[in-house]
file entry-v4.cif (mmCIF, C-alpha atoms)
data_protein
#
loop_
_atom_site.label_atom_id
_atom_site.label_comp_id
_atom_site.auth_asym_id
_atom_site.auth_seq_id
_atom_site.Cartn_x
_atom_site.Cartn_y
_atom_site.Cartn_z
CA MET B 22 0.00 0.00 0.00
CA SER B 23 1.37 3.41 -0.97
CA ILE B 24 -0.34 5.30 1.90
CA LYS B 25 1.15 5.20 5.40
CA THR B 26 -0.19 7.11 8.40
CA LEU B 27 1.43 8.13 11.65
CA SER B 28 -0.33 9.96 14.51
CA GLN B 29 0.88 11.78 17.61
CA ASN B 30 -1.71 13.44 19.86
CA ASP B 31 -3.98 15.27 17.39
CA ILE B 32 -1.35 15.49 14.62
CA THR B 33 -1.36 13.16 11.62
CA TRP B 34 1.44 12.56 9.14
CA ILE B 35 0.42 10.85 5.93
CA ASN B 36 3.25 9.70 3.68
CA ILE B 37 2.34 8.61 0.14
CA ASP B 38 5.16 7.05 -1.83
CA LYS B 39 3.32 6.83 -5.15
CA ILE B 40 0.57 8.83 -6.83
CA ASP B 41 -2.02 6.43 -8.21
CA GLU B 42 -5.80 6.11 -8.31
CA GLU B 43 -5.89 4.75 -4.77
CA SER B 44 -3.94 7.62 -3.24
CA LEU B 45 -5.85 10.28 -5.21
CA ALA B 46 -9.19 8.78 -4.16
CA TYR B 47 -8.02 8.75 -0.53
CA LEU B 48 -7.02 12.43 -0.64
CA LYS B 49 -10.21 13.56 -2.36
CA LYS B 50 -12.35 11.63 0.11
CA ASN B 51 -10.65 12.97 3.23
CA TYR B 52 -9.47 16.47 2.26
CA LYS B 53 -11.03 19.37 0.38
CA PHE B 54 -7.97 20.59 -1.47
CA HIS B 55 -8.22 22.86 -4.51
CA HIS B 56 -8.73 20.99 -7.79
CA LEU B 57 -5.64 22.68 -9.24
CA ASP B 58 -3.55 21.04 -6.52
CA TYR B 59 -4.78 17.64 -7.62
CA GLU B 60 -3.89 18.53 -11.21
CA ASP B 61 -0.38 19.41 -10.04
CA LEU B 62 -0.06 16.06 -8.28
CA THR B 63 -0.59 14.18 -11.55
CA SER B 64 1.50 16.52 -13.70
CA GLU B 65 4.75 15.14 -15.10
CA GLN B 66 6.32 18.60 -15.28
CA GLN B 67 5.93 20.07 -11.81
CA MET B 68 7.54 23.39 -10.97
CA PRO B 69 8.76 24.18 -7.43
CA LYS B 70 6.26 26.47 -5.71
CA ILE B 71 4.33 27.30 -2.57
CA ASP B 72 0.60 28.08 -2.75
CA ALA B 73 -1.09 29.55 0.32
CA TYR B 74 -4.75 28.93 1.06
CA LYS B 75 -6.84 29.88 4.07
CA ASP B 76 -6.50 26.52 5.82
CA TYR B 77 -3.41 24.94 4.27
CA LEU B 78 -0.25 25.32 2.21
CA PHE B 79 0.56 23.32 -0.90
CA ILE B 80 4.30 23.06 -1.56
CA VAL B 81 6.28 21.45 -4.37
CA LEU B 82 9.90 20.79 -3.40
CA LYS B 83 12.76 19.31 -5.42
CA PHE B 84 15.97 17.79 -4.10
CA PRO B 85 19.16 17.16 -6.15
CA TYR B 86 19.86 13.44 -6.37
CA TRP B 87 22.85 11.58 -7.82
CA GLN B 88 21.84 9.02 -10.45
CA VAL B 89 24.67 6.52 -10.23
CA ASN B 90 24.04 4.57 -13.43
CA GLU B 91 23.81 7.66 -15.63
CA GLN B 92 26.40 9.71 -13.67
CA ASN B 93 23.89 12.53 -13.70
CA VAL B 94 22.19 14.92 -11.28
CA ILE B 95 18.40 14.57 -11.31
CA SER B 96 15.65 15.78 -8.99
CA HIS B 97 13.49 13.93 -6.50
CA ASP B 98 10.13 15.65 -6.11
CA LEU B 99 8.17 15.98 -2.89
CA ASP B 100 4.67 17.46 -2.74
CA VAL B 101 3.48 18.69 0.66
CA PHE B 102 0.13 19.66 2.14
CA LEU B 103 0.47 21.43 5.48
CA GLY B 104 -2.51 22.23 7.70
CA ALA B 105 -3.40 22.85 11.34
CA ASN B 106 -3.28 19.19 12.37
CA PHE B 107 -1.84 17.34 9.40
CA LEU B 108 1.17 17.00 7.17
CA ILE B 109 0.88 15.07 3.91
CA THR B 110 4.05 14.22 2.00
CA ILE B 111 3.77 12.78 -1.50
CA GLN B 112 6.71 11.28 -3.37
CA HIS B 113 6.88 10.89 -7.13
CA THR B 114 10.01 8.74 -6.94
CA ARG B 115 10.46 6.41 -4.02
CA ALA B 116 13.43 7.67 -2.05
CA LYS B 117 15.13 5.64 0.65
CA GLU B 118 15.80 8.85 2.60
CA MET B 119 12.07 9.49 3.07
CA LYS B 120 11.41 5.83 3.84
CA ASN B 121 14.16 5.78 6.49
CA PHE B 122 12.93 9.07 7.96
CA PHE B 123 9.35 7.80 8.25
CA TYR B 124 10.26 4.49 9.85
CA ARG B 125 12.67 6.15 12.28
CA CYS B 126 9.84 8.41 13.41
CA MET B 127 7.47 5.44 13.62
CA ASN B 128 9.78 3.15 15.59
CA ASN B 129 11.33 5.61 18.06
CA ARG B 130 8.88 7.10 20.58
CA LYS B 131 11.23 9.87 21.66
CA VAL B 132 11.94 10.90 18.07
CA LYS B 133 8.24 10.74 17.25
CA ALA B 134 7.31 12.97 20.20
CA ASP B 135 10.02 15.46 19.25
CA TRP B 136 9.48 15.61 15.48
CA MET B 137 5.68 15.60 15.63
CA ALA B 138 5.39 18.49 18.07
CA SER B 139 3.49 20.27 15.28
CA PRO B 140 2.96 19.72 11.53
CA GLY B 141 5.20 22.72 10.81
CA PHE B 142 8.02 21.41 12.97
CA LEU B 143 7.75 18.00 11.30
CA LEU B 144 8.04 19.72 7.91
CA TYR B 145 11.16 21.51 9.15
CA ARG B 146 12.68 18.19 10.24
CA ILE B 147 11.95 16.61 6.86
CA THR B 148 13.35 19.49 4.80
CA GLU B 149 16.40 19.72 7.03
CA ALA B 150 17.15 16.00 6.63
CA LEU B 151 16.57 15.90 2.86
CA PHE B 152 18.65 18.98 2.16
CA LYS B 153 21.46 17.69 4.39
CA ASN B 154 21.49 14.61 2.15
CA VAL B 155 22.38 16.92 -0.75
CA ARG B 156 25.90 17.35 0.63
CA PRO B 157 27.29 14.04 -0.75
CA VAL B 158 26.06 15.04 -4.23
CA LEU B 159 27.88 18.35 -3.89
CA ASN B 160 31.05 16.59 -2.69
CA ASN B 161 30.87 14.28 -5.69
CA LEU B 162 30.74 17.27 -8.04
CA GLY B 163 33.76 18.76 -6.26
CA ASN B 164 35.71 15.52 -6.75
CA GLN B 165 34.83 15.56 -10.44
CA ILE B 166 36.16 19.09 -10.82
CA SER B 167 39.43 18.18 -9.06
CA SER B 168 39.83 15.17 -11.33
CA ILE B 169 39.27 17.09 -14.56
CA GLU B 170 41.57 19.93 -13.41
CA GLN B 171 44.43 17.51 -12.90
CA LYS B 172 43.90 16.03 -16.35
CA VAL B 173 43.76 19.40 -18.11
CA TYR B 174 46.85 20.81 -16.41
CA LYS B 175 48.79 17.63 -17.06
CA GLY B 176 48.25 18.19 -20.76
CA GLU B 177 45.34 15.84 -21.41
CA GLN B 178 43.31 18.10 -23.68
CA GLY B 179 41.81 15.72 -26.22
CA THR B 180 38.17 15.23 -27.17
CA ALA B 181 37.63 12.69 -24.37
CA VAL B 182 38.55 15.27 -21.74
CA ILE B 183 36.36 17.87 -23.43
CA LYS B 184 33.41 15.46 -23.32
CA GLU B 185 34.09 14.69 -19.65
CA LEU B 186 34.29 18.39 -18.88
CA SER B 187 30.93 18.96 -20.61
CA ILE B 188 29.29 16.24 -18.52
CA TYR B 189 30.57 17.77 -15.28
CA ARG B 190 29.44 21.22 -16.32
CA ARG B 191 25.99 19.83 -17.15
CA ASN B 192 25.75 18.26 -13.69
CA ILE B 193 26.66 21.53 -12.01
CA LEU B 194 24.04 23.41 -14.03
CA HIS B 195 21.41 20.76 -13.22
CA PHE B 196 22.25 21.05 -9.52
CA ARG B 197 21.92 24.86 -9.63
CA ARG B 198 18.64 24.74 -11.55
CA ILE B 199 17.13 22.33 -9.00
CA LEU B 200 18.42 24.10 -5.90
CA ASP B 201 17.76 27.75 -6.74
CA PRO B 202 13.93 27.75 -6.40
CA GLN B 203 14.15 25.84 -3.12
CA ARG B 204 15.84 28.83 -1.48
CA TYR B 205 12.81 30.98 -2.29
CA ILE B 206 10.38 28.37 -0.95
CA ILE B 207 12.20 27.90 2.35
CA SER B 208 12.60 31.67 2.70
CA THR B 209 8.84 32.02 2.20
CA LEU B 210 8.22 29.46 4.95
CA THR B 211 10.52 31.46 7.20
CA ASN B 212 8.32 34.53 6.82
CA ALA B 213 4.92 32.83 6.44
CA LYS B 214 2.20 34.18 8.69
CA LYS B 215 -0.48 31.53 9.03
CA ALA B 216 -2.53 30.49 12.04
CA PHE B 217 -1.48 26.87 11.45
CA LEU B 218 2.23 27.70 11.07
CA ASP B 219 3.73 28.80 14.38
CA GLU B 220 5.86 31.97 14.12
CA GLY B 221 8.29 30.27 16.49
CA LEU B 222 9.31 28.04 13.59
CA SER B 223 10.87 30.96 11.69
CA PRO B 224 14.38 30.45 13.18
CA TYR B 225 14.26 26.77 12.22
CA PHE B 226 13.36 27.36 8.59
CA ASP B 227 15.83 30.25 8.54
CA ASP B 228 18.52 27.78 9.59
CA VAL B 229 17.63 25.56 6.61
CA ASN B 230 17.70 28.63 4.37
CA ASP B 231 21.19 29.55 5.65
CA TYR B 232 22.35 26.01 4.87
CA LEU B 233 20.95 26.25 1.32
CA ASN B 234 22.70 29.58 0.80
CA LYS B 235 26.00 27.98 1.85
CA ILE B 236 25.41 25.13 -0.58
CA TRP B 237 24.57 27.71 -3.26
CA ALA B 238 27.86 29.56 -2.63
CA VAL B 239 29.80 26.32 -3.10
CA ILE B 240 28.01 25.36 -6.32
CA GLU B 241 28.57 28.87 -7.66
CA THR B 242 32.30 28.44 -7.04
CA TYR B 243 32.19 25.10 -8.86
CA LYS B 244 30.43 26.75 -11.79
CA GLU B 245 33.09 29.47 -12.03
CA THR B 246 35.87 26.87 -11.78
#

call {"tool": "encode", "arguments": {"input": "entry-v4.cif", "output": "structure tokens"}}
result
Amino acid sequence: MSIKTLSQNDITWINIDKIDEESLAYLKKNYKFHHLDYEDLTSEQQMPKIDAYKDYLFIVLKFPYWQVNEQNVISHDLDVFLGANFLITIQHTRAKEMKNFFYRCMNNRKVKADWMASPGFLLYRITEALFKNVRPVLNNLGNQISSIEQKVYKGEQGTAVIKELSIYRRNILHFRRILDPQRYIISTLTNAKKAFLDEGLSPYFDDVNDYLNKIWAVIETYKET
């Protein structure tokens, strides 16, 4: 089953690891979200965004992910509905990071009580964890740059090196294109004023935003290199 539910006091976290007819029917039966949100859920070309409604937020996040077989940077998408007593996370590609995060919260009472203090705080914990997982991708890009630099300055300047250089540059551009809109979304969460999003969460989301800005500074340096 693609729908998993976790509850703590009056807070519910619903994690959906695949959008299909079952999960859509479940959402439409239990929640009165805008029909455009449902259209976004089934769209193959989602754009990162945050839509604010009276009773909930709809957020589309993307996380850079290293595709080992293709040696390429791609994005993992996460759709989020955030309300007064619920958080719904929807994956379009099953990611082990989200699976591990969910089961850790489910199996550890102390972690569950901490993370599920509020839907907004749980969202902070999820975004923090997923963006921290971006660091190995960034380190991999840095290693690629070091490798190609050594080859170029040792005199290896044939077509094979040029092709390799193009691949690395493509990966850096993909990483930047994925990451850039996320900074705006997290910054918006930092300053969001909603009854169901505690203002006390601003420093937490601001911390995530600071981390993203540091990552952005590194990837900008890679691009210039």

call {"tool": "resolve_selection", "arguments": {"input": "entry-v4.cif", "expression": "the PyMOL selection byres ((chain B and resi 27-35) around 8)", "output": "ChimeraX atom specification"}}
result
/B:24-26,36-37,106-110,127,133-134,137,139-140

call {"tool": "closest_residue", "arguments": {"input": "entry-v4.cif", "among": "B:Gly141, B:Thr148, B:Asn93, B:Asp76", "to": "Ser187 in chain B", "atoms": "all atoms listed in the file"}}
result
B:Asn93

call {"tool": "closest_residue", "arguments": {"input": "entry-v4.cif", "among": "B:Thr63, B:Thr246, B:Asn90, B:Asn230", "to": "Ile206 in chain B", "atoms": "all atoms listed in the file"}}
result
B:Asn230

call {"tool": "resolve_selection", "arguments": {"input": "entry-v4.cif", "expression": "the PyMOL selection byres ((chain B and resi 182) around 12)", "output": "ChimeraX atom specification"}}
result
/B:165-166,168-181,183-189

call {"tool": "closest_residue", "arguments": {"input": "entry-v4.cif", "among": "B:Asp201, B:Leu48, B:Asp231, B:Asn161", "to": "Gln92 in chain B", "atoms": "only C-alpha atoms"}}
result
B:Asn161

call {"tool": "closest_residue", "arguments": {"input": "entry-v4.cif", "among": "B:Tyr59, B:Phe122, B:Phe79, B:Tyr74", "to": "Ala46 in chain B", "atoms": "only C-alpha atoms"}}
result
B:Tyr59

call {"tool": "atom_distance", "arguments": {"input": "entry-v4.cif", "atom1": "CA of Ser23 in chain B", "atom2": "CA of Glu149 in chain B"}}
result
23.6 Å

call {"tool": "atom_distance", "arguments": {"input": "entry-v4.cif", "atom1": "CA of His97 in chain B", "atom2": "CA of Glu43 in chain B"}}
result
21.5 Å

call {"tool": "resolve_selection", "arguments": {"input": "entry-v4.cif", "expression": "the PyMOL selection byres ((chain B and resi 216) around 12)", "output": "number ranges by chain"}}
result
B: 73-78, 103-106, 141, 213-215, 217-221

call {"tool": "decode", "arguments": {"input": "entry-v4.cif", "residues": "range 89-103 of chain B", "atoms": "all heavy atoms", "output": "PDB file, in the first residue's frame"}}
result
ATOM      1  N   VAL B  89      23.389   7.209 -10.107  1.00  0.00           N
ATOM      2  CA  VAL B  89      24.672   6.519 -10.233  1.00  0.00           C
ATOM      3  C   VAL B  89      24.873   5.946 -11.627  1.00  0.00           C
ATOM      4  O   VAL B  89      25.925   6.142 -12.256  1.00  0.00           O
ATOM      5  CB  VAL B  89      24.781   5.389  -9.179  1.00  0.00           C
ATOM      6  CG1 VAL B  89      26.094   4.625  -9.351  1.00  0.00           C
ATOM      7  CG2 VAL B  89      24.696   5.972  -7.778  1.00  0.00           C
ATOM      8  N   ASN B  90      23.881   5.247 -12.144  1.00  0.00           N
ATOM      9  CA  ASN B  90      24.040   4.565 -13.432  1.00  0.00           C
ATOM     10  C   ASN B  90      24.325   5.531 -14.575  1.00  0.00           C
ATOM     11  O   ASN B  90      25.122   5.234 -15.470  1.00  0.00           O
ATOM     12  CB  ASN B  90      22.790   3.744 -13.754  1.00  0.00           C
ATOM     13  CG  ASN B  90      22.586   2.591 -12.785  1.00  0.00           C
ATOM     14  OD1 ASN B  90      23.542   2.132 -12.156  1.00  0.00           O
ATOM     15  ND2 ASN B  90      21.353   2.128 -12.648  1.00  0.00           N
ATOM     16  N   GLU B  91      23.662   6.684 -14.546  1.00  0.00           N
ATOM     17  CA  GLU B  91      23.809   7.661 -15.626  1.00  0.00           C
ATOM     18  C   GLU B  91      24.875   8.715 -15.325  1.00  0.00           C
ATOM     19  O   GLU B  91      25.168   9.554 -16.173  1.00  0.00           O
ATOM     20  CB  GLU B  91      22.464   8.359 -15.878  1.00  0.00           C
ATOM     21  CG  GLU B  91      21.331   7.423 -16.271  1.00  0.00           C
ATOM     22  CD  GLU B  91      21.587   6.736 -17.594  1.00  0.00           C
ATOM     23  OE1 GLU B  91      22.243   7.342 -18.465  1.00  0.00           O
ATOM     24  OE2 GLU B  91      21.115   5.587 -17.766  1.00  0.00           O
ATOM     25  N   GLN B  92      25.429   8.685 -14.083  1.00  0.00           N
ATOM     26  CA  GLN B  92      26.396   9.710 -13.670  1.00  0.00           C
ATOM     27  C   GLN B  92      25.834  11.111 -13.907  1.00  0.00           C
ATOM     28  O   GLN B  92      26.477  11.985 -14.497  1.00  0.00           O
ATOM     29  CB  GLN B  92      27.716   9.525 -14.427  1.00  0.00           C
ATOM     30  CG  GLN B  92      28.453   8.242 -14.094  1.00  0.00           C
ATOM     31  CD  GLN B  92      29.006   8.257 -12.666  1.00  0.00           C
ATOM     32  OE1 GLN B  92      29.919   9.006 -12.366  1.00  0.00           O
ATOM     33  NE2 GLN B  92      28.453   7.432 -11.798  1.00  0.00           N
ATOM     34  N   ASN B  93      24.618  11.297 -13.408  1.00  0.00           N
ATOM     35  CA  ASN B  93      23.895  12.525 -13.701  1.00  0.00           C
ATOM     36  C   ASN B  93      23.150  13.015 -12.459  1.00  0.00           C
ATOM     37  O   ASN B  93      22.762  12.225 -11.603  1.00  0.00           O
ATOM     38  CB  ASN B  93      22.893  12.259 -14.840  1.00  0.00           C
ATOM     39  CG  ASN B  93      22.260  13.531 -15.359  1.00  0.00           C
ATOM     40  OD1 ASN B  93      22.811  14.618 -15.231  1.00  0.00           O
ATOM     41  ND2 ASN B  93      21.081  13.396 -15.944  1.00  0.00           N
ATOM     42  N   VAL B  94      22.967  14.328 -12.361  1.00  0.00           N
ATOM     43  CA  VAL B  94      22.186  14.916 -11.280  1.00  0.00           C
ATOM     44  C   VAL B  94      20.745  15.066 -11.745  1.00  0.00           C
ATOM     45  O   VAL B  94      20.471  15.707 -12.762  1.00  0.00           O
ATOM     46  CB  VAL B  94      22.741  16.293 -10.862  1.00  0.00           C
ATOM     47  CG1 VAL B  94      21.829  16.938  -9.816  1.00  0.00           C
ATOM     48  CG2 VAL B  94      24.153  16.158 -10.302  1.00  0.00           C
ATOM     49  N   ILE B  95      19.817  14.448 -11.014  1.00  0.00           N
ATOM     50  CA  ILE B  95      18.402  14.573 -11.309  1.00  0.00           C
ATOM     51  C   ILE B  95      17.694  15.100 -10.061  1.00  0.00           C
ATOM     52  O   ILE B  95      18.334  15.331  -9.036  1.00  0.00           O
ATOM     53  CB  ILE B  95      17.787  13.225 -11.738  1.00  0.00           C
ATOM     54  CG1 ILE B  95      17.941  12.191 -10.606  1.00  0.00           C
ATOM     55  CG2 ILE B  95      18.428  12.727 -13.023  1.00  0.00           C
ATOM     56  CD1 ILE B  95      17.217  10.887 -10.874  1.00  0.00           C
ATOM     57  N   SER B  96      16.385  15.281 -10.147  1.00  0.00           N
ATOM     58  CA  SER B  96      15.648  15.781  -8.987  1.00  0.00           C
ATOM     59  C   SER B  96      14.681  14.725  -8.477  1.00  0.00           C
ATOM     60  O   SER B  96      14.096  13.971  -9.258  1.00  0.00           O
ATOM     61  CB  SER B  96      14.872  17.056  -9.350  1.00  0.00           C
ATOM     62  OG  SER B  96      13.812  16.763 -10.246  1.00  0.00           O
ATOM     63  N   HIS B  97      14.550  14.671  -7.154  1.00  0.00           N
ATOM     64  CA  HIS B  97      13.488  13.933  -6.503  1.00  0.00           C
ATOM     65  C   HIS B  97      12.446  14.941  -6.049  1.00  0.00           C
ATOM     66  O   HIS B  97      12.774  15.917  -5.372  1.00  0.00           O
ATOM     67  CB  HIS B  97      14.020  13.141  -5.310  1.00  0.00           C
ATOM     68  CG  HIS B  97      14.523  11.784  -5.683  1.00  0.00           C
ATOM     69  ND1 HIS B  97      15.054  10.907  -4.775  1.00  0.00           N
ATOM     70  CD2 HIS B  97      14.559  11.146  -6.874  1.00  0.00           C
ATOM     71  CE1 HIS B  97      15.414   9.785  -5.377  1.00  0.00           C
ATOM     72  NE2 HIS B  97      15.130   9.916  -6.647  1.00  0.00           N
ATOM     73  N   ASP B  98      11.194  14.713  -6.431  1.00  0.00           N
ATOM     74  CA  ASP B  98      10.126  15.653  -6.113  1.00  0.00           C
ATOM     75  C   ASP B  98       9.381  15.226  -4.858  1.00  0.00           C
ATOM     76  O   ASP B  98       9.169  14.029  -4.618  1.00  0.00           O
ATOM     77  CB  ASP B  98       9.137  15.746  -7.271  1.00  0.00           C
ATOM     78  CG  ASP B  98       9.781  16.283  -8.537  1.00  0.00           C
ATOM     79  OD1 ASP B  98      10.988  16.587  -8.499  1.00  0.00           O
ATOM     80  OD2 ASP B  98       9.095  16.391  -9.561  1.00  0.00           O
ATOM     81  N   LEU B  99       8.974  16.220  -4.080  1.00  0.00           N
ATOM     82  CA  LEU B  99       8.169  15.976  -2.889  1.00  0.00           C
ATOM     83  C   LEU B  99       7.067  17.023  -2.837  1.00  0.00           C
ATOM     84  O   LEU B  99       7.345  18.220  -2.760  1.00  0.00           O
ATOM     85  CB  LEU B  99       9.025  16.054  -1.622  1.00  0.00           C
ATOM     86  CG  LEU B  99       8.307  15.723  -0.313  1.00  0.00           C
ATOM     87  CD1 LEU B  99       7.991  14.230  -0.238  1.00  0.00           C
ATOM     88  CD2 LEU B  99       9.146  16.141   0.896  1.00  0.00           C
ATOM     89  N   ASP B 100       5.813  16.563  -2.896  1.00  0.00           N
ATOM     90  CA  ASP B 100       4.669  17.457  -2.735  1.00  0.00           C
ATOM     91  C   ASP B 100       4.227  17.423  -1.281  1.00  0.00           C
ATOM     92  O   ASP B 100       4.227  16.354  -0.644  1.00  0.00           O
ATOM     93  CB  ASP B 100       3.517  17.020  -3.641  1.00  0.00           C
ATOM     94  CG  ASP B 100       3.863  17.141  -5.109  1.00  0.00           C
ATOM     95  OD1 ASP B 100       4.752  17.940  -5.438  1.00  0.00           O
ATOM     96  OD2 ASP B 100       3.247  16.432  -5.931  1.00  0.00           O
ATOM     97  N   VAL B 101       3.820  18.585  -0.766  1.00  0.00           N
ATOM     98  CA  VAL B 101       3.483  18.693   0.656  1.00  0.00           C
ATOM     99  C   VAL B 101       2.183  19.471   0.827  1.00  0.00           C
ATOM    100  O   VAL B 101       2.006  20.536   0.230  1.00  0.00           O
ATOM    101  CB  VAL B 101       4.604  19.423   1.435  1.00  0.00           C
ATOM    102  CG1 VAL B 101       4.200  19.606   2.891  1.00  0.00           C
ATOM    103  CG2 VAL B 101       5.919  18.664   1.328  1.00  0.00           C
ATOM    104  N   PHE B 102       1.293  18.923   1.649  1.00  0.00           N
ATOM    105  CA  PHE B 102       0.127  19.658   2.135  1.00  0.00           C
ATOM    106  C   PHE B 102       0.323  19.858   3.636  1.00  0.00           C
ATOM    107  O   PHE B 102       0.529  18.892   4.377  1.00  0.00           O
ATOM    108  CB  PHE B 102      -1.171  18.882   1.892  1.00  0.00           C
ATOM    109  CG  PHE B 102      -1.585  18.799   0.452  1.00  0.00           C
ATOM    110  CD1 PHE B 102      -1.305  17.668  -0.297  1.00  0.00           C
ATOM    111  CD2 PHE B 102      -2.257  19.851  -0.148  1.00  0.00           C
ATOM    112  CE1 PHE B 102      -1.696  17.582  -1.622  1.00  0.00           C
ATOM    113  CE2 PHE B 102      -2.650  19.779  -1.486  1.00  0.00           C
ATOM    114  CZ  PHE B 102      -2.369  18.640  -2.226  1.00  0.00           C
ATOM    115  N   LEU B 103       0.267  21.101   4.068  1.00  0.00           N
ATOM    116  CA  LEU B 103       0.475  21.434   5.484  1.00  0.00           C
ATOM    117  C   LEU B 103      -0.743  22.158   6.018  1.00  0.00           C
ATOM    118  O   LEU B 103      -1.149  23.188   5.475  1.00  0.00           O
ATOM    119  CB  LEU B 103       1.714  22.315   5.640  1.00  0.00           C
ATOM    120  CG  LEU B 103       1.996  22.870   7.042  1.00  0.00           C
ATOM    121  CD1 LEU B 103       2.416  21.742   7.980  1.00  0.00           C
ATOM    122  CD2 LEU B 103       3.068  23.953   6.991  1.00  0.00           C
TER     123      LEU B 103
END
